[in-house]
$ cat structure23.csv   # CSV, C-alpha atoms
chain,number,residue,atom,x,y,z
A,1,MET,CA,0.4,-30.4,-3.2
A,2,ILE,CA,0.4,-27.0,-1.5
A,3,LYS,CA,-2.2,-26.5,1.1
A,4,GLY,CA,-2.3,-23.8,2.4
A,5,SER,CA,-0.6,-6.6,-18.8
A,6,GLN,CA,-10.7,7.3,-32.0
A,7,PRO,CA,-14.1,7.9,-32.0
A,8,SER,CA,-15.6,8.5,-28.6
A,9,LEU,CA,-18.4,6.2,-27.4
A,10,GLY,CA,-19.7,9.1,-25.4
A,11,ARG,CA,-21.7,10.4,-28.3
A,12,LEU,CA,-23.6,7.2,-28.9
A,13,LEU,CA,-27.1,6.7,-27.6
A,14,ILE,CA,-27.3,5.5,-24.0
A,15,PRO,CA,-29.6,2.5,-23.5
A,16,SER,CA,-32.6,3.1,-21.3
A,17,GLN,CA,-32.7,2.2,-17.6
A,18,SER,CA,-35.3,-0.5,-18.5
A,19,PHE,CA,-32.7,-2.1,-20.7
A,20,HIS,CA,-30.3,-2.5,-17.8
A,21,ARG,CA,-33.1,-3.7,-15.4
A,22,ARG,CA,-34.1,-6.2,-18.0
A,23,PHE,CA,-30.6,-7.8,-18.4
A,24,ASN,CA,-28.9,-7.2,-15.1
A,25,HIS,CA,-30.6,-10.3,-13.7
A,26,ILE,CA,-28.7,-12.6,-16.0
A,27,CYS,CA,-26.8,-15.1,-13.8
A,28,PRO,CA,-25.7,-13.0,-10.8
A,29,GLN,CA,-22.2,-13.8,-9.7
A,30,PRO,CA,-20.1,-13.6,-6.5
A,31,SER,CA,-19.3,-10.1,-5.3
A,32,LYS,CA,-15.6,-10.6,-6.0
A,33,VAL,CA,-14.3,-11.9,-9.3
A,34,VAL,CA,-10.5,-12.4,-9.5
A,35,PHE,CA,-8.9,-12.8,-12.9
A,36,SER,CA,-5.2,-13.6,-13.5
A,37,GLY,CA,-3.4,-14.7,-16.6
A,38,ILE,CA,-0.1,-16.4,-17.2
A,39,GLN,CA,1.9,-16.9,-20.4
A,40,PRO,CA,2.3,-20.5,-21.7
A,41,THR,CA,6.1,-20.6,-21.2
A,42,GLY,CA,6.2,-24.2,-20.2
A,43,ILE,CA,7.5,-25.3,-16.8
A,44,PRO,CA,7.9,-22.3,-14.5
A,45,HIS,CA,11.0,-21.5,-12.5
A,46,LEU,CA,11.2,-20.7,-8.8
A,47,GLY,CA,10.6,-17.0,-9.3
A,48,ASN,CA,7.4,-17.6,-11.2
A,49,TYR,CA,6.3,-20.0,-8.5
A,50,PHE,CA,6.8,-17.8,-5.5
A,51,GLY,CA,5.9,-14.6,-7.3
A,52,ALA,CA,2.6,-15.7,-9.0
A,53,LEU,CA,1.6,-19.3,-8.7
A,54,ARG,CA,1.8,-20.0,-5.0
A,55,PRO,CA,-0.4,-16.9,-4.3
A,56,TRP,CA,-3.0,-18.3,-6.6
A,57,VAL,CA,-3.2,-21.4,-4.6
A,58,HIS,CA,-3.3,-19.4,-1.3
A,59,LEU,CA,-6.2,-17.4,-2.6
A,60,GLN,CA,-8.0,-20.6,-3.7
A,61,ASN,CA,-7.5,-22.2,-0.3
A,62,ASN,CA,-8.5,-19.1,1.7
A,63,SER,CA,-11.6,-17.8,-0.1
A,64,SER,CA,-15.2,-18.9,-0.2
A,65,PRO,CA,-16.7,-20.0,-3.5
A,66,SER,CA,-19.9,-18.2,-2.5
A,67,SER,CA,-18.2,-14.8,-2.4
A,68,THR,CA,-15.1,-15.2,-4.6
A,69,LYS,CA,-15.0,-16.4,-8.2
A,70,LEU,CA,-11.5,-17.4,-9.3
A,71,ILE,CA,-10.5,-17.3,-13.0
A,72,TYR,CA,-7.0,-18.4,-14.1
A,73,CYS,CA,-6.2,-18.1,-17.8
A,74,ILE,CA,-3.3,-19.4,-19.9
A,75,VAL,CA,-3.0,-16.5,-22.2
A,76,ASP,CA,-1.8,-18.3,-25.4
A,77,LEU,CA,-3.2,-15.6,-27.7
A,78,HIS,CA,-0.9,-13.1,-26.1
A,79,ALA,CA,2.0,-15.5,-26.6
A,80,ILE,CA,1.8,-15.2,-30.3
A,81,THR,CA,2.5,-11.5,-30.3
A,82,GLN,CA,6.1,-12.8,-30.6
A,83,PRO,CA,7.0,-15.5,-33.2
A,84,GLN,CA,6.4,-19.0,-31.9
A,85,ASP,CA,7.2,-22.5,-33.1
A,86,PRO,CA,3.8,-24.2,-33.3
A,87,GLY,CA,4.9,-27.5,-31.9
A,88,TYR,CA,6.8,-25.8,-29.1
A,89,LEU,CA,3.8,-23.6,-28.2
A,90,ARG,CA,1.5,-26.7,-28.0
A,91,LYS,CA,4.0,-28.3,-25.7
A,92,CYS,CA,4.3,-25.3,-23.5
A,93,ARG,CA,0.5,-24.9,-23.2
A,94,MET,CA,0.2,-28.5,-22.0
A,95,GLU,CA,3.2,-28.1,-19.6
A,96,MET,CA,1.7,-24.9,-18.1
A,97,LEU,CA,-1.7,-26.6,-17.6
A,98,ALA,CA,-0.1,-29.6,-15.9
A,99,THR,CA,1.9,-27.2,-13.7
A,100,LEU,CA,-1.2,-25.3,-12.5
A,101,LEU,CA,-2.8,-28.6,-11.5
A,102,ALA,CA,0.4,-29.9,-9.9
A,103,ILE,CA,0.9,-26.9,-7.7
A,104,GLY,CA,-2.6,-27.5,-6.2
A,105,LEU,CA,-5.1,-25.5,-8.2
A,106,ASP,CA,-8.4,-27.3,-8.2
A,107,PRO,CA,-10.4,-27.2,-11.4
A,108,ASN,CA,-13.6,-27.8,-9.4
A,109,ARG,CA,-12.9,-24.6,-7.4
A,110,CYS,CA,-11.3,-22.4,-10.1
A,111,ILE,CA,-12.0,-21.8,-13.7
A,112,ILE,CA,-8.7,-22.8,-15.4
A,113,PHE,CA,-8.6,-22.5,-19.2
A,114,GLU,CA,-6.7,-21.6,-22.3
A,115,GLN,CA,-7.6,-18.2,-23.7
A,116,SER,CA,-7.7,-19.4,-27.3
A,117,ARG,CA,-10.5,-21.9,-26.5
A,118,VAL,CA,-12.9,-19.0,-25.6
A,119,PRO,CA,-13.8,-16.9,-28.7
A,120,ALA,CA,-15.6,-14.3,-26.6
A,121,HIS,CA,-12.2,-12.9,-25.6
A,122,SER,CA,-11.4,-12.0,-29.2
A,123,GLU,CA,-15.0,-10.9,-30.0
A,124,LEU,CA,-14.9,-8.4,-27.1
A,125,MET,CA,-11.5,-7.2,-28.1
A,126,TRP,CA,-12.8,-6.2,-31.5
A,127,ILE,CA,-15.7,-4.3,-30.0
A,128,LEU,CA,-13.5,-2.5,-27.5
A,129,SER,CA,-10.9,-1.8,-30.3
A,130,CYS,CA,-13.5,0.2,-32.2
A,131,ALA,CA,-13.4,2.8,-29.5
A,132,ALA,CA,-9.8,2.4,-28.1
A,133,SER,CA,-7.5,5.4,-28.4
A,134,THR,CA,-4.4,4.8,-30.5
A,135,GLY,CA,-2.9,7.7,-28.8
A,136,TYR,CA,-3.3,6.0,-25.4
A,137,LEU,CA,-1.9,2.8,-26.8
A,138,SER,CA,1.1,4.6,-28.3
A,139,ARG,CA,2.0,5.7,-24.8
A,140,MET,CA,2.2,2.2,-23.4
A,141,THR,CA,5.7,1.1,-22.6
A,142,GLN,CA,5.7,-2.7,-23.1
A,143,TRP,CA,5.4,-2.7,-26.9
A,144,LYS,CA,8.4,-0.3,-27.0
A,145,THR,CA,10.4,-2.5,-24.7
A,146,LYS,CA,9.7,-5.7,-26.7
A,147,SER,CA,10.5,-3.9,-30.0
A,148,GLY,CA,13.7,-2.4,-28.6
A,149,ILE,CA,12.4,1.2,-29.0
A,150,ILE,CA,13.6,4.0,-26.7
A,151,GLY,CA,11.9,7.3,-26.1
A,152,ASP,CA,8.6,8.8,-27.1
A,153,THR,CA,8.4,7.2,-30.6
A,154,SER,CA,4.9,6.8,-31.9
A,155,PRO,CA,3.9,4.0,-34.2
A,156,LEU,CA,1.9,6.5,-36.3
A,157,ASP,CA,5.1,8.5,-37.2
A,158,GLY,CA,6.1,6.0,-39.8
A,159,GLY,CA,9.7,6.0,-38.8
A,160,LYS,CA,12.2,3.2,-39.4
A,161,SER,CA,12.1,2.2,-35.7
A,162,THR,CA,8.4,1.2,-35.9
A,163,ALA,CA,8.3,0.0,-39.5
A,164,LYS,CA,8.4,-3.7,-38.4
A,165,LEU,CA,6.0,-3.2,-35.4
A,166,LYS,CA,3.2,-5.8,-35.6
A,167,LEU,CA,-0.4,-4.7,-34.9
A,168,GLY,CA,-0.8,-7.6,-32.4
A,169,LEU,CA,2.0,-6.4,-30.2
A,170,PHE,CA,0.8,-2.8,-30.4
A,171,SER,CA,-2.8,-3.6,-29.6
A,172,TYR,CA,-2.5,-6.4,-27.2
A,173,PRO,CA,-3.5,-4.2,-24.2
A,174,VAL,CA,-7.0,-4.2,-25.8
A,175,LEU,CA,-7.1,-8.0,-25.7
A,176,GLN,CA,-5.8,-7.9,-22.1
A,177,ALA,CA,-8.7,-5.5,-21.3
A,178,ALA,CA,-11.1,-7.9,-23.0
A,179,ASP,CA,-9.7,-10.8,-21.0
A,180,ILE,CA,-10.6,-9.0,-17.8
A,181,LEU,CA,-13.8,-7.3,-18.7
A,182,VAL,CA,-15.4,-10.3,-20.5
A,183,HIS,CA,-15.6,-12.0,-17.1
A,184,ARG,CA,-16.5,-8.8,-15.3
A,185,ALA,CA,-13.5,-9.2,-13.0
A,186,THR,CA,-13.5,-6.9,-10.0
A,187,GLU,CA,-9.9,-7.5,-8.9
A,188,VAL,CA,-6.8,-8.2,-11.0
A,189,PRO,CA,-3.6,-9.1,-9.1
A,190,VAL,CA,-0.6,-7.7,-11.1
A,191,GLY,CA,3.0,-6.8,-10.8
A,192,ALA,CA,4.2,-3.2,-11.0
A,193,ASP,CA,5.0,-3.6,-14.8
A,194,GLN,CA,1.3,-4.2,-15.5
A,195,VAL,CA,-0.2,-1.3,-13.7
A,196,GLN,CA,-0.3,0.8,-16.9
A,197,HIS,CA,-2.3,-1.9,-18.6
A,198,LEU,CA,-4.9,-2.0,-15.8
A,199,GLU,CA,-5.3,1.7,-16.0
A,200,PHE,CA,-6.0,1.3,-19.7
A,201,THR,CA,-8.5,-1.4,-18.9
A,202,ARG,CA,-10.4,0.9,-16.6
A,203,GLU,CA,-10.3,3.7,-19.2
A,204,VAL,CA,-11.8,1.3,-21.7
A,205,ALA,CA,-14.5,0.1,-19.3
A,206,SER,CA,-15.3,3.6,-18.2
A,207,THR,CA,-15.8,4.8,-21.8
A,208,PHE,CA,-18.1,1.8,-22.5
A,209,ARG,CA,-20.0,2.4,-19.3
A,210,HIS,CA,-20.5,6.1,-20.2
A,211,ALA,CA,-22.1,4.9,-23.5
A,212,TYR,CA,-24.0,1.9,-22.5
A,213,GLY,CA,-24.3,1.7,-18.7
A,214,GLU,CA,-22.7,-0.4,-16.1
A,215,ILE,CA,-22.1,-3.6,-18.0
A,216,PHE,CA,-18.5,-3.8,-16.8
A,217,PRO,CA,-17.3,-3.1,-13.3
A,218,LEU,CA,-14.2,-1.0,-13.0
A,219,PRO,CA,-11.6,-3.6,-12.0
A,220,LYS,CA,-9.4,-2.9,-9.1
A,221,THR,CA,-5.7,-3.2,-9.4
A,222,VAL,CA,-4.3,-5.4,-6.7
A,223,LEU,CA,-0.5,-4.9,-6.6
A,224,SER,CA,0.9,-8.3,-5.8
A,225,THR,CA,3.7,-8.5,-3.2
A,226,ALA,CA,5.6,-10.5,-5.7
A,227,LYS,CA,8.5,-12.5,-4.3
A,228,ARG,CA,11.7,-11.5,-5.9
A,229,VAL,CA,14.0,-14.4,-6.8
A,230,MET,CA,17.3,-13.5,-8.4
A,231,SER,CA,19.5,-15.4,-10.7
A,232,LEU,CA,21.7,-18.0,-8.9
A,233,ARG,CA,24.6,-17.0,-11.2
A,234,ASP,CA,24.1,-13.2,-11.2
A,235,PRO,CA,22.2,-12.1,-8.1
A,236,GLN,CA,21.9,-8.6,-9.5
A,237,ILE,CA,19.3,-9.7,-12.1
A,238,LYS,CA,16.0,-11.6,-11.7
A,239,MET,CA,15.8,-15.3,-12.3
A,240,SER,CA,14.7,-15.8,-15.9
A,241,LYS,CA,14.2,-18.5,-18.5
A,242,SER,CA,15.9,-16.3,-21.1
A,243,ASP,CA,19.2,-16.6,-19.3
A,244,LYS,CA,21.6,-18.7,-21.4
A,245,ASP,CA,23.0,-20.4,-18.3
A,246,PRO,CA,20.6,-23.1,-17.1
A,247,LYS,CA,22.3,-23.1,-13.7
A,248,SER,CA,21.0,-19.6,-13.1
A,249,ARG,CA,17.5,-20.9,-12.3
A,250,ILE,CA,15.6,-23.6,-10.5
A,251,MET,CA,12.8,-25.2,-12.4
A,252,ILE,CA,10.0,-26.5,-10.2
A,253,THR,CA,10.3,-29.9,-11.8
A,254,ASP,CA,14.1,-30.1,-11.3
A,255,SER,CA,15.4,-33.3,-9.7
A,256,PRO,CA,17.0,-33.2,-6.3
A,257,GLU,CA,20.4,-33.7,-7.9
A,258,GLU,CA,19.8,-30.8,-10.3
A,259,ILE,CA,18.7,-28.5,-7.5
A,260,SER,CA,21.6,-29.5,-5.3
A,261,LEU,CA,24.1,-28.9,-8.1
A,262,LYS,CA,22.6,-25.5,-9.0
A,263,PHE,CA,22.8,-24.2,-5.4
A,264,ARG,CA,26.3,-25.5,-5.0
A,265,LYS,CA,27.3,-23.5,-8.1
A,266,SER,CA,25.3,-20.4,-7.0
A,267,VAL,CA,27.3,-17.1,-6.6
A,268,THR,CA,27.8,-15.8,-3.1
A,269,ASP,CA,31.1,-14.3,-1.8
A,270,SER,CA,34.1,-15.1,0.2
A,271,ILE,CA,33.4,-13.1,3.4
A,272,GLY,CA,32.2,-16.3,5.2
A,273,ASN,CA,29.4,-15.4,7.6
A,274,VAL,CA,25.7,-15.1,6.8
A,275,VAL,CA,24.4,-11.5,6.8
A,276,TYR,CA,21.3,-10.2,5.0
A,277,ASP,CA,22.6,-7.3,3.0
A,278,ARG,CA,21.1,-7.1,-0.5
A,279,GLN,CA,23.2,-4.2,-1.6
A,280,ASN,CA,26.6,-5.4,-0.6
A,281,ARG,CA,26.1,-9.2,-0.4
A,282,PRO,CA,23.4,-9.9,-3.0
A,283,GLY,CA,24.2,-13.6,-3.5
A,284,VAL,CA,23.9,-14.4,0.2
A,285,ALA,CA,20.7,-12.2,0.5
A,286,ASN,CA,19.2,-14.1,-2.4
A,287,LEU,CA,19.7,-17.5,-0.7
A,288,VAL,CA,18.3,-16.1,2.5
A,289,GLU,CA,15.2,-14.9,0.7
A,290,ILE,CA,14.6,-18.2,-1.0
A,291,LEU,CA,14.9,-20.0,2.3
A,292,GLY,CA,12.4,-17.5,3.8
A,293,TYR,CA,9.9,-18.0,1.0
A,294,VAL,CA,10.0,-21.7,1.4
A,295,GLN,CA,9.4,-21.3,5.1
A,296,GLY,CA,6.7,-18.7,4.6
A,297,ARG,CA,8.9,-16.0,6.3
A,298,GLU,CA,9.9,-12.5,5.2
A,299,ASP,CA,11.9,-11.5,8.3
A,300,PHE,CA,15.1,-12.0,6.4
A,301,ASP,CA,17.3,-10.2,8.9
A,302,THR,CA,16.2,-12.5,11.7
A,303,LEU,CA,16.6,-15.5,9.5
A,304,ALA,CA,20.1,-14.5,8.6
A,305,LYS,CA,21.0,-14.0,12.2
A,306,GLU,CA,19.8,-17.5,13.0
A,307,MET,CA,22.4,-18.7,10.5
A,308,GLU,CA,25.1,-16.1,10.9
A,309,LYS,CA,27.8,-18.6,12.0
A,310,SER,CA,27.1,-20.9,9.0
A,311,SER,CA,29.6,-21.2,6.2
A,312,MET,CA,28.6,-20.5,2.6
A,313,THR,CA,28.6,-24.3,2.0
A,314,THR,CA,26.3,-24.9,4.9
A,315,LEU,CA,23.9,-22.1,3.7
A,316,LYS,CA,23.8,-23.5,0.2
A,317,GLU,CA,23.1,-27.0,1.6
A,318,THR,CA,20.4,-25.7,3.9
A,319,VAL,CA,18.6,-23.8,1.2
A,320,SER,CA,19.0,-26.7,-1.3
A,321,GLU,CA,17.5,-29.2,1.1
A,322,ALA,CA,14.6,-26.9,1.9
A,323,VAL,CA,13.7,-26.3,-1.7
A,324,ILE,CA,14.0,-30.0,-2.6
A,325,GLU,CA,11.6,-31.0,0.1
A,326,HIS,CA,9.2,-28.1,-0.7
A,327,LEU,CA,9.0,-28.9,-4.4
A,328,LYS,CA,8.9,-32.7,-4.0
A,329,PRO,CA,5.1,-33.1,-3.9
A,330,THR,CA,4.7,-30.7,-6.9
A,331,ARG,CA,7.4,-32.5,-8.9
A,332,LYS,CA,5.8,-35.9,-8.2
A,333,GLU,CA,2.3,-34.7,-9.1
A,334,TYR,CA,3.6,-33.0,-12.3
A,335,GLU,CA,5.3,-36.2,-13.4
A,336,ARG,CA,2.0,-38.1,-12.9
A,337,ILE,CA,-0.2,-35.5,-14.6
A,338,ILE,CA,1.9,-34.7,-17.7
A,339,LYS,CA,1.7,-38.4,-18.7
A,340,ASP,CA,-2.1,-38.3,-18.7
A,341,VAL,CA,-2.8,-36.5,-21.9
A,342,GLY,CA,-6.5,-37.5,-21.8
A,343,TYR,CA,-7.0,-36.0,-18.3
A,344,LEU,CA,-5.3,-32.8,-19.4
A,345,GLU,CA,-7.5,-32.5,-22.4
A,346,GLN,CA,-10.6,-33.1,-20.2
A,347,VAL,CA,-9.5,-30.4,-17.8
A,348,ALA,CA,-8.8,-28.0,-20.7
A,349,LYS,CA,-12.2,-28.6,-22.3
A,350,GLU,CA,-14.2,-28.3,-19.0
A,351,GLY,CA,-12.3,-25.2,-18.2
A,352,ALA,CA,-13.1,-23.7,-21.6
A,353,ARG,CA,-16.8,-24.6,-21.1
A,354,LYS,CA,-17.0,-22.9,-17.8
A,355,ALA,CA,-15.0,-19.9,-19.1
A,356,SER,CA,-17.3,-19.7,-22.1
A,357,GLU,CA,-20.4,-19.7,-19.9
A,358,SER,CA,-18.9,-16.9,-17.8
A,359,ALA,CA,-17.9,-14.8,-20.8
A,360,GLU,CA,-21.3,-15.4,-22.6
A,361,GLU,CA,-23.1,-13.9,-19.7
A,362,THR,CA,-21.3,-10.7,-20.4
A,363,MET,CA,-21.4,-10.9,-24.2
A,364,ILE,CA,-25.2,-11.2,-24.2
A,365,LYS,CA,-25.4,-7.8,-22.6
A,366,VAL,CA,-22.6,-6.4,-24.8
A,367,ARG,CA,-24.2,-7.5,-28.0
A,368,LEU,CA,-27.6,-6.2,-27.0
A,369,ALA,CA,-26.1,-2.9,-25.9
A,370,VAL,CA,-24.2,-2.2,-29.2
A,371,GLY,CA,-26.9,-3.5,-31.4
A,372,LEU,CA,-25.4,-6.8,-32.5
A,373,ALA,CA,-28.3,-8.8,-31.1

$ encode --input "structure23.csv" --output "structure tokens"
Amino acid sequence: MIKGSQPSLGRLLIPSQSFHRRFNHICPQPSKVVFSGIQPTGIPHLGNYFGALRPWVHLQNNSSPSSTKLIYCIVDLHAITQPQDPGYLRKCRMEMLATLLAIGLDPNRCIIFEQSRVPAHSELMWILSCAASTGYLSRMTQWKTKSGIIGDTSPLDGGKSTAKLKLGLFSYPVLQAADILVHRATEVPVGADQVQHLEFTREVASTFRHAYGEIFPLPKTVLSTAKRVMSLRDPQIKMSKSDKDPKSRIMITDSPEEISLKFRKSVTDSIGNVVYDRQNRPGVANLVEILGYVQGREDFDTLAKEMEKSSMTTLKETVSEAVIEHLKPTRKEYERIIKDVGYLEQVAKEGARKASESAEETMIKVRLAVGLA
């Protein structure tokens, strides 16, 4: 194991100060609450691991439970905004949970859970939806990207390009806001493509606060210094599961033989020496970066100079051996955990219980505020 995305509430009656004094005492929590979610796409590849998962473990191992609450969610409700085979989705959910445990996340330190097991997420989504602006949602970019829509098209225009748009895909930023706000998260690490969604979350929280008081904190966007791992077959594009060529990516459970073969087949060039030049020698630069990530280094120019006399074959062998050794404990732990279905179900249920408790603290206040309790 590793060690170390309408009607204004402003005109509604604002609850009295005594209301907030009465309910702000409910289960005080640590000053920092970090929420992160990941889609249940099954076993992650090296890019997912370096970009998101390893930082989760680092945060776990370098923060105090008394000051930092960590909530890691498998966002399976978000996954069904695109058609899913039910059996495959169940398999991917289990594989993702096993992966989170195998990389070193401790369910006794973090809340690790599947979104669909905590109904408060959907309940808060509906409450927030009743005041969310469709105009704001129509300006979001991801639903357009996933629908193949270009330009400033609005789903309210009724054109052919949006005729098949599903409500879930259009409104999922509201669910994402609910995911964050229901746990009163103060920090949300995201990549650059999710910044717009965090801005929407703060807008929703601010509107709610204006009507009902400070039930929700305004979550801070923490831009992750995501590690960029490119395709081994086309170093101009990011490593991805959607690539039709399986040799383009390293899965974190790949065998040593598979890893070695994929690096041998990786695209570099015929110049010969090792130089870190992402623009002109992207294949070589990608291998240097991967080696740096394994070693916990980002001084890629220096690292390349240390290997400048190496051949492409030697570079590939060096990176391959480093990755194999680095992933060995994770692969071994994953193979053990994935066989223990009973343990996985136990972890999932306990995580859901803890997440439900965390969410219910918020929902007590929300229901009372809006008159549902």

$ residues_around --input "structure23.csv" --residues "Gln115 (chain A)" --least-positions-apart "5" --cutoff "8 Å" --atoms "all atoms listed in the file" --output "PyMOL selection string"
chain A and resi 73-77+121

$ residues_around --input "structure23.csv" --residues "Ser266 (chain A)" --least-positions-apart "6" --cutoff "9 Å" --atoms "all atoms listed in the file" --output "ChimeraX atom specification"
/A:231-235,247-248,283,287,316

$ atom_distance --input "structure23.csv" --atom1 "CA of Arg281 (chain A)" --atom2 "CA of Tyr293 (chain A)"
18.5 Å

$ closest_residue --input "structure23.csv" --among "A:Ile38, A:Val274, A:Met125, A:Ile103" --to "Val366 (chain A)" --atoms "all atoms listed in the file"
A:Met125

$ closest_residue --input "structure23.csv" --among "A:Gln236, A:Ser116, A:Gln196, A:Thr207" --to "His78 (chain A)" --atoms "only C-alpha atoms"
A:Ser116

$ closest_residue --input "structure23.csv" --among "A:Asn108, A:Gln346, A:Thr302, A:Ser255" --to "Val323 (chain A)" --atoms "all atoms listed in the file"
A:Ser255

$ residues_around --input "structure23.csv" --residues "region 175-183 of chain A" --least-positions-apart "5" --cutoff "7 Å" --atoms "all atoms listed in the file" --output "ChimeraX atom specification"
/A:5,35,121-122,124-125,201,216,358-359,362

$ closest_residue --input "structure23.csv" --among "A:Trp56, A:Glu345, A:Ala131, A:Asn62" --to "Ala211 (chain A)" --atoms "all atoms listed in the file"
A:Ala131

$ closest_atom_pairs --input "structure23.csv" --of "region 208-254 of chain A" --to "region 324-333 of chain A" --cutoff "9 Å" --atoms "only C-alpha atoms" --output "Markdown table"
| residue | atom | partner | partner_atom | distance |
| --- | --- | --- | --- | --- |
| A:Ile252 | CA | A:Leu327 | CA | 6.4 |
| A:Thr253 | CA | A:Arg331 | CA | 4.9 |
| A:Asp254 | CA | A:Arg331 | CA | 7.5 |

$ closest_residue --input "structure23.csv" --among "A:Glu95, A:Leu101, A:Gly87, A:Trp126" --to "Arg367 (chain A)" --atoms "all atoms listed in the file"
A:Trp126

$ atom_distance --input "structure23.csv" --atom1 "CA of Val275 (chain A)" --atom2 "CA of Ala304 (chain A)"
5.5 Å

$ atom_distance --input "structure23.csv" --atom1 "CA of Lys166 (chain A)" --atom2 "CA of Ile80 (chain A)"
10.9 Å

$ closest_residue --input "structure23.csv" --among "A:Thr313, A:Met94, A:His58, A:Lys241" --to "Lys339 (chain A)" --atoms "all atoms listed in the file"
A:Met94

$ residues_around --input "structure23.csv" --residues "Glu357 (chain A)" --least-positions-apart "4" --cutoff "12 Å" --atoms "all atoms listed in the file" --output "list of chain:residue names"
A:Ile26, A:Cys27, A:Gln29, A:Ile111, A:Val118, A:Pro119, A:Ala120, A:Val182, A:His183, A:Glu350, A:Gly351, A:Ala352, A:Arg353, A:Glu361, A:Thr362, A:Met363, A:Ile364

$ residues_around --input "structure23.csv" --residues "Pro65 (chain A)" --least-positions-apart "4" --cutoff "9 Å" --atoms "all atoms listed in the file" --output "ChimeraX atom specification"
/A:30,60,69-70,109-110

$ decode --input "structure23.csv" --residues "region 68-79 of chain A" --atoms "N, CA, C and O atoms" --output "short mmCIF file (atom, residue, chain, number, x, y, z; two decimals), in the first residue's frame"
data_model
loop_
_atom_site.label_atom_id
_atom_site.label_comp_id
_atom_site.auth_asym_id
_atom_site.auth_seq_id
_atom_site.Cartn_x
_atom_site.Cartn_y
_atom_site.Cartn_z
N THR A 68 -9.56 17.61 9.94
CA THR A 68 -9.92 17.39 8.55
C THR A 68 -10.78 16.14 8.41
O THR A 68 -10.37 15.04 8.75
N LYS A 69 -11.98 16.33 7.89
CA LYS A 69 -12.90 15.24 7.59
C LYS A 69 -12.79 14.92 6.11
O LYS A 69 -12.90 15.82 5.26
N LEU A 70 -12.55 13.67 5.77
CA LEU A 70 -12.34 13.26 4.38
C LEU A 70 -13.52 12.42 3.91
O LEU A 70 -13.86 11.41 4.54
N ILE A 71 -14.12 12.81 2.80
CA ILE A 71 -15.28 12.12 2.26
C ILE A 71 -15.00 11.80 0.79
O ILE A 71 -14.85 12.70 -0.03
N TYR A 72 -14.92 10.51 0.49
CA TYR A 72 -14.63 10.06 -0.87
C TYR A 72 -15.82 9.26 -1.39
O TYR A 72 -16.20 8.25 -0.79
N CYS A 73 -16.39 9.71 -2.50
CA CYS A 73 -17.66 9.17 -2.98
C CYS A 73 -17.51 8.54 -4.37
O CYS A 73 -16.92 9.14 -5.27
N ILE A 74 -18.07 7.35 -4.53
CA ILE A 74 -18.19 6.72 -5.85
C ILE A 74 -19.52 7.20 -6.42
O ILE A 74 -20.59 6.80 -5.96
N VAL A 75 -19.46 8.08 -7.41
CA VAL A 75 -20.65 8.80 -7.86
C VAL A 75 -21.41 7.99 -8.92
O VAL A 75 -21.47 8.35 -10.10
N ASP A 76 -22.07 6.92 -8.47
CA ASP A 76 -22.74 6.03 -9.41
C ASP A 76 -24.02 6.63 -9.98
O ASP A 76 -24.45 6.23 -11.07
N LEU A 77 -24.66 7.58 -9.28
CA LEU A 77 -25.83 8.23 -9.86
C LEU A 77 -25.43 9.11 -11.04
O LEU A 77 -26.17 9.22 -12.03
N HIS A 78 -24.27 9.73 -10.96
CA HIS A 78 -23.77 10.51 -12.09
C HIS A 78 -23.49 9.60 -13.29
O HIS A 78 -23.63 10.02 -14.44
N ALA A 79 -23.06 8.38 -13.01
CA ALA A 79 -22.68 7.46 -14.09
C ALA A 79 -23.86 7.16 -15.02
O ALA A 79 -23.68 6.96 -16.22
#
